[in-house]
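A.B. asks: First, the structure itself, so that you have it in front of you.
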Amino acid sequence: MIASTDSLGWIAVLPVIAGGLAVWYALPGTRRRPQAVAGLLGVLALAGVGAYLFRGLGDRIPESVEAALFFGFSGLAIVFAGLMITARNPARSALAFAMVVLSTCGLFLLLAAPFLMAATIVIYAGAIIVTFLFVIMLSRQEGPSNADVRTREPALAAAAGFVLLATLLVGLQRVYSWRSVDAAIEHSSDLARSSHIDEGYLSPPRSVEQVAQVSPLTPKAQAFLDEMRAALERVRLGAPRGGSERGVTDHKYVQEIVHAIEGLDRYGFRQHDPDDVRQECQTIADGLQRLKAMRLGSRGFTDIVVSEHGVVKPVDGEAGDARQLPAANVSAIGRTLFSDHLLAIELAGTLLLIATVGAIAIAGTRREGRP
Amino acid sequence: MISVSHYLAVGAILFCLGLIGFLSRRNLIVMFLSAELMLQGVAINFVAFSRHHGNLHGQVFTLFVIAVAACEAGIALALFLVLYRRKHSLDVSLWQGLREPGLPITGDPEPLPPEPEEPPLPHLAPAGAIPARGEPTHA
């Protein structure tokens, strides 16, 4: 269960709907439609995607040069991808694809992959696009053709693609959005630090004749406990589970939080015990922080039991240091390629050779002995 | 730092745009470009995870993807040339003879709209008359 005010993920779904309409409207057809409407819808969809990236995912994006470059390159890539699939002229499609490749190379550079950037520019933008333009030139035809002006089922195709996109974006949001957990951590640590617990949380102290009954939770306390349980469900996926002959057990941080929530539910809130409430809230806030750090991967796993079948395999080392990419990208890639992936690279070379032979065999029409 | 999820979102968008292009367009070249666009989206995912996990396996995998895409481009473009020589068009619907038996053929009921009239090219006046033979060119 994910506790969120935006349970349907509208921030992800709305730009997808606008983008789907824009692409459906702009796909070529026998009727000419005004392109301004498609452009307007496309701008709306882009703005929505920007809002989704800013608000819907992960932590807050810092206002840095990296963020500006990321938004610039990804915006260019998306815009030219849209132009590529909607252009009537295939030569324009090829040029738009070249722009998509160049923007992707910018993203590669931001991701610390300079060798891949150079290789992609040389191979894609250099070789493949030029070959495409040659083929377009060789197969040029006069006037409009069925291939360029008509499309097959544009509405169904756009619907299929954008339903998939909406699924992916909402899924990413569910996995990577930390807003509900952050709110829960803040809420519980506020409660733990406060010198005077709000009376709305605590059930009223029982009089002598009510001692036998269990006093009910106040609505505020119930909402607080629900929020904590939802946040725990959200972060417990990252915690490794231990295994033994008795079965799979939860990680100790998860167990601590579960105990603290149970304690609050049974005693703290019901029995009007502010000290107990503060202590349990502190436990919950600390545990949630640790589990979140573990899920984000910034905390080293030193006490993991990897297998669920009883084989204890501790993983040590500080993950924070191990997660840096090596500095010399080209030499590191070369070392990896020719040590870890030697067989694969030989196979790739063989594949290229076979493809060359195949292309010559398919396209060549000259018979032996003739010019 | 921009987290991995943002790059995953961009890769997903590129992949889905390529999917739509592949499903709906009828020009063989545009269909193939759309497939390459899907590969670009996947490549962004690989490189983003490579950064996220701090090892180079994602980048190596992207290199192999590029190699396979180059092979694919060579073979596919050779095939397109052969197909174009047979039918003198790059329309993929002309090859419906390859469909499964028992399926109806999909045709184009309405004719293509006439191409909008383009304004005529400007007619340039000749810059100078060609001198006749034997005529003295200068006094």
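Order determines the names: the first chain of the structure tokens is A, the second B, and so forth; residues in each chain are numbered 1 upward, and ligands are numbered 1 upward as they are shown.
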Taking only C-alpha atoms into account, find every residue of chain A that has an atom no more than 6 Å from chain B, and write it out as a list in words.
C.D. replies: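 Here is what falls inside 6 Å: Ile85, Ala147, Asp148, Thr151, Arg152, Pro154, Ala157, Ala158, Gly161, Leu165, Arg323, Gln324, Leu325, Leu352, Ala355, Ala359 and Ala363 of chain A.
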A.B. asks: Which residues are close to range 261-273 of chain A, i.e. within 12 Å by only C-alpha atoms, leaving aside same-chain residues fewer than 3 positions away? Reply as a PyMOL selection string.
C.D. replies: chain A and resi 188+196-207+211+213-232+254-258+276-285+287-288
A.B. asks: Using DSSP secondary structure from the backbone, list all helix (DSSP H, G or I) positions within chain B, as a compact mmCIF listing (two decimals) with C-alpha atoms, in the first residue's frame.
C.D. replies:
# COMPACT_ATOMS: atom_id res chain seq x y z
CA VAL B 4 18.85 7.33 -11.87
CA SER B 5 15.06 7.53 -11.96
CA HIS B 6 15.09 10.67 -14.11
CA TYR B 7 17.22 9.00 -16.74
CA LEU B 8 14.94 5.96 -16.62
CA ALA B 9 11.95 8.22 -17.32
CA VAL B 10 13.67 9.78 -20.34
CA GLY B 11 14.62 6.33 -21.64
CA ALA B 12 11.03 5.14 -21.22
CA ILE B 13 9.71 8.13 -23.18
CA LEU B 14 12.13 7.55 -26.07
CA PHE B 15 11.29 3.83 -26.11
CA CYS B 16 7.54 4.45 -26.26
CA LEU B 17 7.87 7.05 -29.03
CA GLY B 18 9.90 4.54 -31.02
CA LEU B 19 7.26 1.89 -30.39
CA ILE B 20 4.52 4.16 -31.74
CA GLY B 21 6.57 4.96 -34.82
CA PHE B 22 7.27 1.30 -35.48
CA LEU B 23 3.62 0.34 -35.10
CA SER B 24 2.07 3.09 -37.17
CA LEU B 28 10.37 0.84 -44.15
CA ILE B 29 13.10 3.37 -43.43
CA VAL B 30 11.06 5.24 -40.83
CA MET B 31 10.09 1.92 -39.21
CA PHE B 32 13.74 0.99 -38.95
CA LEU B 33 14.66 4.40 -37.52
CA SER B 34 11.95 3.90 -34.91
CA ALA B 35 13.52 0.58 -33.91
CA GLU B 36 16.85 2.37 -33.51
CA LEU B 37 15.10 4.98 -31.36
CA MET B 38 13.90 2.20 -29.06
CA LEU B 39 17.50 0.98 -28.82
CA GLN B 40 18.58 4.49 -27.81
CA GLY B 41 16.08 4.50 -24.97
CA VAL B 42 17.40 1.14 -23.77
CA ALA B 43 20.98 2.41 -24.01
CA ILE B 44 20.15 5.35 -21.72
CA ASN B 45 18.78 2.86 -19.19
CA PHE B 46 21.94 0.76 -19.30
CA VAL B 47 24.31 3.69 -18.91
CA ALA B 48 22.21 5.17 -16.08
CA PHE B 49 22.33 1.89 -14.18
CA SER B 50 26.03 1.64 -14.86
CA ARG B 51 26.48 5.01 -13.13
CA HIS B 52 24.11 4.01 -10.35
CA HIS B 53 25.90 0.77 -9.51
CA HIS B 57 29.03 -3.58 -17.15
CA GLY B 58 26.17 -1.38 -18.32
CA GLN B 59 28.46 0.62 -20.57
CA VAL B 60 29.95 -2.57 -21.99
CA PHE B 61 26.49 -3.89 -22.71
CA THR B 62 25.65 -0.65 -24.50
CA LEU B 63 28.73 -1.14 -26.66
CA PHE B 64 27.43 -4.55 -27.67
CA VAL B 65 24.01 -3.07 -28.37
CA ILE B 66 25.68 -0.54 -30.69
CA ALA B 67 27.60 -3.32 -32.45
CA VAL B 68 24.44 -5.36 -32.99
CA ALA B 69 22.60 -2.23 -34.18
CA ALA B 70 25.32 -1.60 -36.74
CA CYS B 71 24.99 -5.18 -38.06
CA GLU B 72 21.23 -4.79 -38.13
CA ALA B 73 21.49 -1.53 -40.07
CA GLY B 74 23.77 -3.07 -42.68
CA ILE B 75 21.55 -6.09 -43.28
CA ALA B 76 18.29 -4.13 -43.14
CA LEU B 77 19.40 -1.45 -45.57
CA ALA B 78 20.60 -4.11 -48.04
CA LEU B 79 17.18 -5.77 -47.72
CA PHE B 80 15.42 -2.43 -48.29
CA LEU B 81 17.35 -1.93 -51.53
CA VAL B 82 16.30 -5.39 -52.76
CA LEU B 83 12.67 -4.78 -51.79
CA TYR B 84 12.70 -1.40 -53.49
CA ARG B 85 14.00 -2.93 -56.71
CA ARG B 86 11.09 -5.40 -56.76
CA LYS B 87 8.16 -3.03 -56.11
CA VAL B 92 5.57 -2.12 -46.17
CA SER B 93 1.89 -2.79 -47.00
CA LEU B 94 2.89 -3.95 -50.48
CA TRP B 95 4.29 -7.09 -48.88
CA GLN B 96 0.99 -8.29 -47.44
CA GLY B 97 1.39 -11.48 -49.43
CA LEU B 98 3.55 -12.64 -46.51
A.B. asks: Pick out the residues sitting within 6 Å of range 23-32 of chain A, and hand them over as a list in words; count only C-alpha atoms, and ignore anything fewer than 6 positions along from it in its own chain.
C.D. replies: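 These residues fall inside the cut-off: Ala38, Thr86, Val149, Arg150, Ala155 and Ala158 of chain A.
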A.B. asks: So what do you get for CA of Arg179 in chain A versus CA of Ala12 in chain A, distance-wise?
C.D. replies: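 Interatomic distance here is 15.2 Å.
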A.B. asks: Leaving out Tyr52 in chain A and any residue of its chain fewer than 4 positions from it, which residues lie within 10 Å of it when counting only C-alpha atoms, given as a PyMOL selection string?
C.D. replies: (chain A and resi 9-15+46-48+56-57+169+173) or (chain B and resi 6+9)
